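Source file: model-v2.csv (CSV, N, CA, C and O atoms)
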chain,number,residue,atom,x,y,z
A,1,PRO,N,-26.7,50.4,39.2
A,1,PRO,CA,-27.8,49.6,39.8
A,1,PRO,C,-29.2,50.2,39.5
A,1,PRO,O,-29.3,51.4,39.5
A,2,PRO,N,-30.2,49.3,39.4
A,2,PRO,CA,-31.5,49.8,39.1
A,2,PRO,C,-32.1,50.5,40.3
A,2,PRO,O,-31.8,50.2,41.5
A,3,ALA,N,-32.9,51.5,40.1
A,3,ALA,CA,-33.6,52.2,41.1
A,3,ALA,C,-34.7,51.4,41.7
A,3,ALA,O,-35.6,50.9,41.0
A,4,MET,N,-34.7,51.1,43.0
A,4,MET,CA,-35.7,50.2,43.7
A,4,MET,C,-36.8,51.0,44.3
A,4,MET,O,-37.8,50.5,44.7
A,5,GLY,N,-36.6,52.3,44.5
A,5,GLY,CA,-37.6,53.2,45.1
A,5,GLY,C,-39.0,53.1,44.6
A,5,GLY,O,-40.0,52.8,45.3
A,6,PRO,N,-39.1,53.3,43.3
A,6,PRO,CA,-40.5,53.2,42.7
A,6,PRO,C,-41.1,51.9,42.8
A,6,PRO,O,-42.3,51.7,43.1
A,7,GLY,N,-40.4,50.8,42.6
A,7,GLY,CA,-40.9,49.4,42.8
A,7,GLY,C,-41.3,49.2,44.2
A,7,GLY,O,-42.4,48.6,44.4
A,8,LEU,N,-40.5,49.6,45.2
A,8,LEU,CA,-40.9,49.4,46.6
A,8,LEU,C,-42.1,50.2,47.0
A,8,LEU,O,-42.9,49.7,47.8
A,9,ALA,N,-42.2,51.4,46.4
A,9,ALA,CA,-43.4,52.2,46.7
A,9,ALA,C,-44.7,51.5,46.2
A,9,ALA,O,-45.7,51.5,46.9
A,10,LEU,N,-44.6,51.0,45.0
A,10,LEU,CA,-45.8,50.4,44.4
A,10,LEU,C,-46.1,49.1,45.1
A,10,LEU,O,-47.3,48.7,45.3
A,11,TRP,N,-45.1,48.3,45.5
A,11,TRP,CA,-45.3,47.1,46.3
A,11,TRP,C,-46.0,47.4,47.6
A,11,TRP,O,-46.9,46.7,48.0
A,12,SER,N,-45.5,48.4,48.3
A,12,SER,CA,-46.1,48.8,49.5
A,12,SER,C,-47.5,49.3,49.4
A,12,SER,O,-48.4,48.9,50.2
A,13,ALA,N,-47.8,50.0,48.3
A,13,ALA,CA,-49.2,50.5,48.0
A,13,ALA,C,-50.1,49.3,47.8
A,13,ALA,O,-51.2,49.3,48.2
A,14,SER,N,-49.6,48.3,47.0
A,14,SER,CA,-50.4,47.1,46.8
A,14,SER,C,-50.7,46.3,48.1
A,14,SER,O,-51.8,45.8,48.3
A,15,GLY,N,-49.7,46.3,49.0
A,15,GLY,CA,-49.9,45.7,50.3
A,15,GLY,C,-51.0,46.4,51.1
A,15,GLY,O,-51.8,45.8,51.8
A,16,ASP,N,-50.9,47.7,51.0
A,16,ASP,CA,-51.9,48.6,51.7
A,16,ASP,C,-53.3,48.3,51.2
A,16,ASP,O,-54.3,48.2,52.0
A,17,VAL,N,-53.5,48.1,49.9
A,17,VAL,CA,-54.8,47.9,49.3
A,17,VAL,C,-55.3,46.5,49.8
A,17,VAL,O,-56.5,46.4,50.2
A,18,VAL,N,-54.4,45.5,49.8
A,18,VAL,CA,-54.8,44.2,50.3
A,18,VAL,C,-55.2,44.3,51.7
A,18,VAL,O,-56.2,43.7,52.2
A,19,GLY,N,-54.5,45.0,52.5
A,19,GLY,CA,-54.8,45.2,53.9
A,19,GLY,C,-56.1,45.9,54.1
A,19,GLY,O,-56.9,45.5,55.0
A,20,LEU,N,-56.4,46.9,53.3
A,20,LEU,CA,-57.7,47.6,53.5
A,20,LEU,C,-58.9,46.7,53.1
A,20,LEU,O,-59.9,46.7,53.7
A,21,LEU,N,-58.7,46.0,52.0
A,21,LEU,CA,-59.8,45.1,51.6
A,21,LEU,C,-60.0,43.9,52.6
A,21,LEU,O,-61.1,43.5,52.9
A,22,THR,N,-58.9,43.5,53.2
A,22,THR,CA,-59.0,42.5,54.2
A,22,THR,C,-59.7,43.0,55.5
A,22,THR,O,-60.6,42.4,56.0
A,23,ALA,N,-59.4,44.3,55.8
A,23,ALA,CA,-60.1,44.9,56.9
A,23,ALA,C,-61.6,45.1,56.6
A,23,ALA,O,-62.4,44.9,57.5
A,24,TYR,N,-61.9,45.4,55.4
A,24,TYR,CA,-63.3,45.6,55.0
A,24,TYR,C,-64.1,44.3,55.1
A,24,TYR,O,-65.2,44.2,55.7
A,25,VAL,N,-63.5,43.2,54.6
A,25,VAL,CA,-64.2,41.9,54.6
A,25,VAL,C,-64.3,41.4,56.0
A,25,VAL,O,-65.4,41.0,56.5
A,26,GLY,N,-63.2,41.5,56.8
A,26,GLY,CA,-63.3,41.1,58.2
A,26,GLY,C,-64.3,41.9,59.0
A,26,GLY,O,-65.0,41.4,59.8
A,27,GLY,N,-64.3,43.2,58.8
A,27,GLY,CA,-65.2,44.1,59.5
A,27,GLY,C,-66.7,43.8,59.2
A,27,GLY,O,-67.6,44.0,60.1
A,28,ARG,N,-67.0,43.4,58.0
A,28,ARG,CA,-68.3,43.1,57.6
A,28,ARG,C,-68.7,41.7,58.1
A,28,ARG,O,-69.9,41.4,58.3
A,29,ALA,N,-67.8,40.8,58.1
A,29,ALA,CA,-68.1,39.4,58.5
A,29,ALA,C,-68.0,39.1,60.0
A,29,ALA,O,-68.7,38.1,60.4
A,30,LEU,N,-67.2,39.8,60.7
A,30,LEU,CA,-67.0,39.5,62.1
A,30,LEU,C,-67.3,40.7,63.0
A,30,LEU,O,-67.0,41.8,62.7
A,31,PRO,N,-67.9,40.4,64.2
A,31,PRO,CA,-68.2,41.5,65.1
A,31,PRO,C,-66.9,41.8,65.9
A,31,PRO,O,-65.9,41.0,65.9
A,32,GLY,N,-66.9,43.0,66.5
A,32,GLY,CA,-65.9,43.3,67.5
A,32,GLY,C,-65.9,42.3,68.6
A,32,GLY,O,-67.0,41.8,69.0
A,33,GLY,N,-64.8,41.8,69.1
A,33,GLY,CA,-64.7,40.8,70.1
A,33,GLY,C,-64.7,39.4,69.6
A,33,GLY,O,-64.9,38.5,70.4
A,34,ALA,N,-64.7,39.2,68.3
A,34,ALA,CA,-64.6,37.9,67.7
A,34,ALA,C,-63.4,37.2,68.1
A,34,ALA,O,-62.4,37.8,68.5
A,35,GLN,N,-63.5,35.8,68.2
A,35,GLN,CA,-62.3,35.0,68.6
A,35,GLN,C,-61.2,35.2,67.6
A,35,GLN,O,-61.4,35.4,66.4
A,36,SER,N,-60.0,35.2,68.1
A,36,SER,CA,-58.8,35.4,67.3
A,36,SER,C,-58.7,34.4,66.2
A,36,SER,O,-58.2,34.8,65.1
A,37,LEU,N,-59.0,33.2,66.4
A,37,LEU,CA,-58.9,32.2,65.3
A,37,LEU,C,-59.9,32.5,64.2
A,37,LEU,O,-59.5,32.3,63.0
A,38,ALA,N,-61.1,33.0,64.5
A,38,ALA,CA,-62.0,33.3,63.4
A,38,ALA,C,-61.5,34.5,62.6
A,38,ALA,O,-61.6,34.5,61.4
A,39,VAL,N,-60.9,35.5,63.3
A,39,VAL,CA,-60.3,36.7,62.6
A,39,VAL,C,-59.2,36.2,61.8
A,39,VAL,O,-59.0,36.6,60.6
A,40,PHE,N,-58.3,35.3,62.3
A,40,PHE,CA,-57.2,34.8,61.6
A,40,PHE,C,-57.6,34.1,60.3
A,40,PHE,O,-57.0,34.3,59.2
A,41,ARG,N,-58.7,33.3,60.4
A,41,ARG,CA,-59.2,32.6,59.3
A,41,ARG,C,-59.7,33.5,58.2
A,41,ARG,O,-59.3,33.4,57.0
A,42,PHE,N,-60.6,34.5,58.5
A,42,PHE,CA,-61.1,35.4,57.5
A,42,PHE,C,-60.1,36.3,56.9
A,42,PHE,O,-60.0,36.4,55.7
A,43,ALA,N,-59.2,36.8,57.8
A,43,ALA,CA,-58.2,37.7,57.3
A,43,ALA,C,-57.2,36.9,56.4
A,43,ALA,O,-56.7,37.5,55.4
A,44,GLY,N,-56.8,35.7,56.8
A,44,GLY,CA,-55.9,35.0,56.1
A,44,GLY,C,-56.3,34.6,54.7
A,44,GLY,O,-55.6,34.7,53.7
A,45,VAL,N,-57.6,34.1,54.6
A,45,VAL,CA,-58.1,33.8,53.3
A,45,VAL,C,-58.2,35.0,52.4
A,45,VAL,O,-57.8,35.0,51.2
A,46,THR,N,-58.8,36.1,52.9
A,46,THR,CA,-58.9,37.3,52.1
A,46,THR,C,-57.6,37.8,51.7
A,46,THR,O,-57.4,38.2,50.5
A,47,ALA,N,-56.6,37.9,52.5
A,47,ALA,CA,-55.3,38.4,52.2
A,47,ALA,C,-54.6,37.4,51.2
A,47,ALA,O,-54.0,37.9,50.2
A,48,PHE,N,-54.8,36.1,51.3
A,48,PHE,CA,-54.2,35.2,50.4
A,48,PHE,C,-54.7,35.4,49.0
A,48,PHE,O,-54.0,35.4,48.0
A,49,VAL,N,-56.0,35.6,48.9
A,49,VAL,CA,-56.7,35.8,47.6
A,49,VAL,C,-56.1,37.1,47.0
A,49,VAL,O,-55.7,37.2,45.8
A,50,GLY,N,-55.9,38.1,47.8
A,50,GLY,CA,-55.4,39.4,47.3
A,50,GLY,C,-54.0,39.3,46.9
A,50,GLY,O,-53.6,40.0,45.9
A,51,TYR,N,-53.2,38.6,47.6
A,51,TYR,CA,-51.7,38.5,47.3
A,51,TYR,C,-51.4,37.5,46.2
A,51,TYR,O,-50.4,37.7,45.5
A,52,SER,N,-52.2,36.4,46.1
A,52,SER,CA,-51.8,35.3,45.3
A,52,SER,C,-52.6,34.8,44.1
A,52,SER,O,-52.1,34.4,43.1
A,53,LEU,N,-53.9,34.9,44.3
A,53,LEU,CA,-54.8,34.3,43.3
A,53,LEU,C,-54.7,34.7,41.9
A,53,LEU,O,-54.6,33.9,41.0
A,54,ALA,N,-54.5,36.0,41.7
A,54,ALA,CA,-54.5,36.6,40.3
A,54,ALA,C,-53.1,36.2,39.6
A,54,ALA,O,-53.0,36.3,38.4
A,55,LEU,N,-52.1,35.8,40.4
A,55,LEU,CA,-50.8,35.5,39.8
A,55,LEU,C,-51.0,34.3,38.8
A,55,LEU,O,-50.2,34.3,37.8
A,56,TRP,N,-51.9,33.4,39.0
A,56,TRP,CA,-52.0,32.3,38.1
A,56,TRP,C,-52.5,32.6,36.7
A,56,TRP,O,-52.3,31.9,35.8
A,57,GLN,N,-53.2,33.8,36.6
A,57,GLN,CA,-53.6,34.2,35.3
A,57,GLN,C,-52.4,34.5,34.3
A,57,GLN,O,-52.5,34.2,33.1
A,58,ASN,N,-51.3,34.9,34.9
A,58,ASN,CA,-50.1,35.1,34.1
A,58,ASN,C,-49.6,33.8,33.5
A,58,ASN,O,-49.1,33.7,32.4
A,59,THR,N,-49.7,32.7,34.3
A,59,THR,CA,-49.3,31.4,33.9
A,59,THR,C,-50.2,30.9,32.8
A,59,THR,O,-49.8,30.3,31.8
A,60,ILE,N,-51.5,31.1,33.0
A,60,ILE,CA,-52.5,30.6,32.0
A,60,ILE,C,-52.4,31.4,30.7
A,60,ILE,O,-52.3,30.8,29.6
A,61,TRP,N,-52.4,32.7,30.8
A,61,TRP,CA,-52.6,33.5,29.5
A,61,TRP,C,-51.3,33.9,28.9
A,61,TRP,O,-51.2,34.1,27.7
A,62,TYR,N,-50.2,34.2,29.8
A,62,TYR,CA,-49.0,34.7,29.2
A,62,TYR,C,-47.8,33.7,29.3
A,62,TYR,O,-46.7,34.1,29.1
A,63,LYS,N,-48.2,32.5,29.6
A,63,LYS,CA,-47.2,31.4,29.6
A,63,LYS,C,-46.0,31.6,30.6
A,63,LYS,O,-44.9,31.2,30.3
A,64,ARG,N,-46.3,32.3,31.7
A,64,ARG,CA,-45.2,32.5,32.7
A,64,ARG,C,-45.0,31.1,33.3
A,64,ARG,O,-45.9,30.3,33.4
A,65,SER,N,-43.8,30.8,33.7
A,65,SER,CA,-43.4,29.5,34.3
A,65,SER,C,-44.3,29.2,35.5
A,65,SER,O,-44.4,30.1,36.4
A,66,ALA,N,-44.8,28.0,35.6
A,66,ALA,CA,-45.6,27.6,36.7
A,66,ALA,C,-44.8,27.5,38.0
A,66,ALA,O,-45.3,27.8,39.1
A,67,VAL,N,-43.5,27.2,37.8
A,67,VAL,CA,-42.7,27.1,39.0
A,67,VAL,C,-42.5,28.5,39.6
A,67,VAL,O,-42.5,28.7,40.8
A,68,SER,N,-42.3,29.5,38.7
A,68,SER,CA,-42.1,30.9,39.2
A,68,SER,C,-43.4,31.4,39.9
A,68,SER,O,-43.4,32.0,40.9
A,69,THR,N,-44.6,31.0,39.3
A,69,THR,CA,-45.8,31.4,39.9
A,69,THR,C,-46.1,30.7,41.2
A,69,THR,O,-46.6,31.3,42.1
A,70,LEU,N,-45.7,29.5,41.3
A,70,LEU,CA,-45.8,28.7,42.5
A,70,LEU,C,-45.0,29.4,43.6
A,70,LEU,O,-45.4,29.5,44.8
A,71,LYS,N,-43.8,29.8,43.3
A,71,LYS,CA,-42.9,30.5,44.3
A,71,LYS,C,-43.5,31.8,44.7
A,71,LYS,O,-43.5,32.1,45.9
A,72,SER,N,-44.1,32.5,43.8
A,72,SER,CA,-44.8,33.8,44.2
A,72,SER,C,-46.0,33.5,45.0
A,72,SER,O,-46.3,34.3,45.9
A,73,THR,N,-46.7,32.4,44.7
A,73,THR,CA,-47.9,32.0,45.5
A,73,THR,C,-47.5,31.7,47.0
A,73,THR,O,-48.2,32.1,47.9
A,74,ILE,N,-46.3,31.0,47.1
A,74,ILE,CA,-45.8,30.7,48.5
A,74,ILE,C,-45.5,32.0,49.2
A,74,ILE,O,-45.8,32.1,50.4
A,75,ASP,N,-44.9,32.9,48.5
A,75,ASP,CA,-44.6,34.3,49.1
A,75,ASP,C,-45.9,34.9,49.5
A,75,ASP,O,-46.0,35.4,50.6
A,76,GLY,N,-46.9,34.8,48.7
A,76,GLY,CA,-48.2,35.4,49.0
A,76,GLY,C,-48.8,34.7,50.2
A,76,GLY,O,-49.5,35.4,51.1
A,77,LEU,N,-48.6,33.4,50.4
A,77,LEU,CA,-49.1,32.7,51.6
A,77,LEU,C,-48.4,33.2,52.8
A,77,LEU,O,-49.0,33.4,53.9
A,78,VAL,N,-47.1,33.4,52.7
A,78,VAL,CA,-46.4,34.0,53.9
A,78,VAL,C,-46.9,35.3,54.3
A,78,VAL,O,-47.1,35.6,55.4
A,79,TYR,N,-47.1,36.2,53.2
A,79,TYR,CA,-47.6,37.5,53.5
A,79,TYR,C,-49.0,37.4,54.1
A,79,TYR,O,-49.4,38.2,55.0
A,80,ALA,N,-49.8,36.5,53.6
A,80,ALA,CA,-51.2,36.3,54.1
A,80,ALA,C,-51.2,35.9,55.6
A,80,ALA,O,-52.0,36.3,56.4
A,81,LEU,N,-50.3,35.0,55.9
A,81,LEU,CA,-50.2,34.5,57.3
A,81,LEU,C,-49.8,35.6,58.2
A,81,LEU,O,-50.3,35.7,59.4
A,82,CYS,N,-48.8,36.4,57.8
A,82,CYS,CA,-48.4,37.6,58.6
A,82,CYS,C,-49.6,38.6,58.7
A,82,CYS,O,-49.8,39.1,59.9
A,83,THR,N,-50.3,38.9,57.7
A,83,THR,CA,-51.4,39.8,57.7
A,83,THR,C,-52.5,39.2,58.7
A,83,THR,O,-53.0,39.9,59.5
A,84,ALA,N,-52.8,37.9,58.6
A,84,ALA,CA,-53.8,37.3,59.4
A,84,ALA,C,-53.4,37.3,60.9
A,84,ALA,O,-54.2,37.6,61.8
A,85,GLY,N,-52.1,37.1,61.1
A,85,GLY,CA,-51.6,37.2,62.5
A,85,GLY,C,-51.8,38.6,63.1
A,85,GLY,O,-52.2,38.7,64.3
A,86,ILE,N,-51.5,39.6,62.3
A,86,ILE,CA,-51.6,41.0,62.8
A,86,ILE,C,-53.1,41.3,63.1
A,86,ILE,O,-53.4,41.9,64.1
A,87,PHE,N,-54.0,40.9,62.1
A,87,PHE,CA,-55.4,41.1,62.3
A,87,PHE,C,-55.9,40.4,63.6
A,87,PHE,O,-56.7,41.0,64.3
A,88,GLY,N,-55.5,39.1,63.7
A,88,GLY,CA,-55.9,38.4,64.9
A,88,GLY,C,-55.5,39.0,66.2
A,88,GLY,O,-56.2,39.0,67.2
A,89,TRP,N,-54.3,39.6,66.2
A,89,TRP,CA,-53.7,40.2,67.4
A,89,TRP,C,-54.3,41.5,67.7
A,89,TRP,O,-54.6,41.8,68.9
A,90,LEU,N,-54.6,42.3,66.7
A,90,LEU,CA,-55.1,43.7,66.9
A,90,LEU,C,-56.6,43.9,66.8
A,90,LEU,O,-57.1,45.0,66.9
A,91,TRP,N,-57.3,42.8,66.5
A,91,TRP,CA,-58.8,42.9,66.4
A,91,TRP,C,-59.4,43.4,67.7
A,91,TRP,O,-59.0,43.0,68.8
A,92,PRO,N,-60.4,44.4,67.5
A,92,PRO,CA,-61.0,45.0,68.7
A,92,PRO,C,-61.6,43.9,69.6
A,92,PRO,O,-62.3,43.0,69.2
A,93,ARG,N,-61.4,44.1,70.9
A,93,ARG,CA,-62.0,43.1,71.9
A,93,ARG,C,-63.3,43.5,72.3
A,93,ARG,O,-63.8,44.4,72.7

Show me the file's structure as structure tokens.
Amino acid sequence: PPAMGPGLALWSASGDVVGLLTAYVGGRALPGGAQSLAVFRFAGVTAFVGYSLALWQNTIWYKRSAVSTLKSTIDGLVYALCTAGIFGWLWPR
């Protein structure tokens, strides 16, 4: 069987980068004590861009299947919603 350790480590690192960039954008755009819905919105959009937007370049330039890219984009949306929920929940009051 293929070794999954290196792939999982890189996937985790990329998620950490998206989380850090989401925290930076949210921290610059929203004050402490911001409403949870506003935090959810900013964090969700930022995380979605980080998880999904660049995937479409592979369809455009490298002829990756649009169906495959759409499935990955939906995965990115799920990750972004989870990220936004965590940010909304843990945002400083």

Env of stretch 42-56 of chain A: 5 Å cut, atoms = all atoms listed in the file, seq-sep filter 6 positions within chain, self excluded. Answer as a PDB file with N, CA, C and O atoms, keeping the file's coordinate frame.
ATOM      1  N   GLY A  76     -46.900  34.800  48.700  1.00  0.00           N
ATOM      2  CA  GLY A  76     -48.200  35.400  49.000  1.00  0.00           C
ATOM      3  C   GLY A  76     -48.800  34.700  50.200  1.00  0.00           C
ATOM      4  O   GLY A  76     -49.500  35.400  51.100  1.00  0.00           O
ATOM      5  N   ALA A  80     -49.800  36.500  53.600  1.00  0.00           N
ATOM      6  CA  ALA A  80     -51.200  36.300  54.100  1.00  0.00           C
ATOM      7  C   ALA A  80     -51.200  35.900  55.600  1.00  0.00           C
ATOM      8  O   ALA A  80     -52.000  36.300  56.400  1.00  0.00           O
ATOM      9  N   ALA A  84     -52.800  37.900  58.600  1.00  0.00           N
ATOM     10  CA  ALA A  84     -53.800  37.300  59.400  1.00  0.00           C
ATOM     11  C   ALA A  84     -53.400  37.300  60.900  1.00  0.00           C
ATOM     12  O   ALA A  84     -54.200  37.600  61.800  1.00  0.00           O
TER      13      ALA A  84
END

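The interatomic distance for the pair atom C of A:Gly32 and atom CA of A:Trp91 works out to 7.5 Å.
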
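Across A:Arg28, A:Thr22, A:Ser72, A:Tyr62, the tightest approach to A:Ile86 is made by A:Thr22 when counting only C-alpha atoms.
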
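The two atoms in question, atom CA of A:Gly19 and atom CA of A:Trp89, are spaced 14.4 Å apart.
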
Work out how far atom C of A:Val39 is from atom C of A:Gly26, in Å to one decimal. 8.1 Å

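Shortest separation to A:Thr83 among A:Leu70, A:Val18, A:Leu30, A:Ala3 occurs at residue A:Val18, atoms counted being only C-alpha atoms.
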
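For A:Gly88, the list of residues within 7 Å, based on only C-alpha atoms and with local chain neighbours fewer than 6 positions off taken out, reads Ser36, Leu37, Val39 and Phe40 of chain A.
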
Run DSSP on the backbone and give me the residues of stretch 21-88 of chain A it puts in alpha helix (DSSP H), as an NGL selection string. :A and (21-29 or 36-48 or 55-62 or 66-88)

Take chain A from the block and save it with C-alpha atoms, as an mmCIF file, in the first residue's frame.
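Just written: decode36.cif:
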data_model
loop_
_atom_site.group_PDB
_atom_site.id
_atom_site.type_symbol
_atom_site.label_atom_id
_atom_site.label_comp_id
_atom_site.auth_asym_id
_atom_site.auth_seq_id
_atom_site.Cartn_x
_atom_site.Cartn_y
_atom_site.Cartn_z
ATOM 1 C CA PRO A 1 0.000 0.000 0.000
ATOM 2 C CA PRO A 2 1.141 3.562 -0.654
ATOM 3 C CA ALA A 3 2.547 5.579 2.226
ATOM 4 C CA MET A 4 -0.043 8.156 3.298
ATOM 5 C CA GLY A 5 2.055 9.880 5.965
ATOM 6 C CA PRO A 6 3.797 12.444 3.745
ATOM 7 C CA GLY A 7 0.586 13.312 1.895
ATOM 8 C CA LEU A 8 -1.356 13.765 5.128
ATOM 9 C CA ALA A 9 1.411 15.927 6.574
ATOM 10 C CA LEU A 10 1.386 18.202 3.510
ATOM 11 C CA TRP A 11 -2.426 18.362 3.498
ATOM 12 C CA SER A 12 -2.381 19.317 7.178
ATOM 13 C CA ALA A 13 0.271 21.981 6.547
ATOM 14 C CA SER A 14 -1.788 23.484 3.715
ATOM 15 C CA GLY A 15 -4.821 23.595 6.012
ATOM 16 C CA ASP A 16 -2.712 25.360 8.615
ATOM 17 C CA VAL A 17 -1.657 27.966 6.045
ATOM 18 C CA VAL A 18 -5.284 28.581 5.047
ATOM 19 C CA GLY A 19 -6.214 28.896 8.728
ATOM 20 C CA LEU A 20 -3.414 31.380 9.397
ATOM 21 C CA LEU A 21 -4.354 33.506 6.387
ATOM 22 C CA THR A 22 -8.002 33.369 7.418
ATOM 23 C CA ALA A 23 -7.049 34.525 10.910
ATOM 24 C CA TYR A 24 -4.994 37.377 9.449
ATOM 25 C CA VAL A 25 -7.804 38.623 7.188
ATOM 26 C CA GLY A 26 -10.393 38.276 9.938
ATOM 27 C CA GLY A 27 -8.161 39.983 12.476
ATOM 28 C CA ARG A 28 -7.554 42.934 10.181
ATOM 29 C CA ALA A 29 -11.188 43.261 9.071
ATOM 30 C CA LEU A 30 -13.068 42.601 12.307
ATOM 31 C CA PRO A 31 -12.644 43.877 15.852
ATOM 32 C CA GLY A 32 -12.650 41.687 18.925
ATOM 33 C CA GLY A 33 -16.233 41.187 20.007
ATOM 34 C CA ALA A 34 -17.561 41.172 16.440
ATOM 35 C CA GLN A 35 -20.819 39.340 15.862
ATOM 36 C CA SER A 36 -20.443 35.645 15.140
ATOM 37 C CA LEU A 37 -22.253 35.922 11.809
ATOM 38 C CA ALA A 38 -19.822 38.582 10.567
ATOM 39 C CA VAL A 39 -16.867 36.450 11.662
ATOM 40 C CA PHE A 40 -18.432 33.404 9.984
ATOM 41 C CA ARG A 41 -18.877 35.373 6.746
ATOM 42 C CA PHE A 42 -15.317 36.758 6.583
ATOM 43 C CA ALA A 43 -13.687 33.520 7.670
ATOM 44 C CA GLY A 44 -15.853 31.422 5.364
ATOM 45 C CA VAL A 45 -15.125 33.436 2.241
ATOM 46 C CA THR A 46 -11.416 33.675 2.990
ATOM 47 C CA ALA A 47 -11.116 29.953 3.732
ATOM 48 C CA PHE A 48 -13.147 29.032 0.629
ATOM 49 C CA VAL A 49 -10.793 31.066 -1.545
ATOM 50 C CA GLY A 50 -7.823 29.366 0.096
ATOM 51 C CA TYR A 51 -9.204 25.860 -0.209
ATOM 52 C CA SER A 52 -10.915 26.001 -3.597
ATOM 53 C CA LEU A 53 -10.364 28.895 -5.948
ATOM 54 C CA ALA A 54 -6.984 27.895 -7.359
ATOM 55 C CA LEU A 55 -8.248 24.392 -8.201
ATOM 56 C CA TRP A 56 -9.965 25.742 -11.305
ATOM 57 C CA GLN A 57 -6.625 26.730 -12.847
ATOM 58 C CA ASN A 58 -5.894 23.021 -13.283
ATOM 59 C CA THR A 59 -9.090 22.622 -15.293
ATOM 60 C CA ILE A 60 -8.315 25.656 -17.416
ATOM 61 C CA TRP A 61 -4.618 25.071 -18.112
ATOM 62 C CA TYR A 62 -4.024 21.359 -17.578
ATOM 63 C CA LYS A 63 -7.367 20.010 -18.856
ATOM 64 C CA ARG A 64 -8.288 18.372 -15.558
ATOM 65 C CA SER A 65 -11.853 17.110 -15.574
ATOM 66 C CA ALA A 66 -14.322 19.841 -14.587
ATOM 67 C CA VAL A 67 -16.367 17.247 -12.680
ATOM 68 C CA SER A 68 -13.321 16.311 -10.619
ATOM 69 C CA THR A 69 -12.559 19.971 -9.934
ATOM 70 C CA LEU A 70 -16.192 20.613 -8.972
ATOM 71 C CA LYS A 71 -16.054 17.732 -6.476
ATOM 72 C CA SER A 72 -12.860 19.163 -4.989
ATOM 73 C CA THR A 73 -14.496 22.596 -4.829
ATOM 74 C CA ILE A 74 -17.410 21.122 -2.890
ATOM 75 C CA ASP A 75 -14.877 19.549 -0.507
ATOM 76 C CA GLY A 76 -13.300 22.992 -0.159
ATOM 77 C CA LEU A 77 -16.711 24.465 0.641
ATOM 78 C CA VAL A 78 -17.213 21.912 3.418
ATOM 79 C CA TYR A 79 -13.738 22.683 4.823
ATOM 80 C CA ALA A 80 -14.475 26.423 4.598
ATOM 81 C CA LEU A 81 -17.782 26.055 6.449
ATOM 82 C CA CYS A 82 -16.042 24.077 9.204
ATOM 83 C CA THR A 83 -13.283 26.693 9.404
ATOM 84 C CA ALA A 84 -15.830 29.530 9.514
ATOM 85 C CA GLY A 85 -17.798 27.789 12.243
ATOM 86 C CA ILE A 86 -14.704 27.367 14.392
ATOM 87 C CA PHE A 87 -13.702 31.006 13.890
ATOM 88 C CA GLY A 88 -17.229 32.195 14.719
ATOM 89 C CA TRP A 89 -17.268 30.037 17.839
ATOM 90 C CA LEU A 90 -13.798 30.974 19.128
ATOM 91 C CA TRP A 91 -13.639 34.648 18.099
ATOM 92 C CA PRO A 92 -12.633 36.853 21.078
ATOM 93 C CA ARG A 93 -15.624 38.437 22.817
#
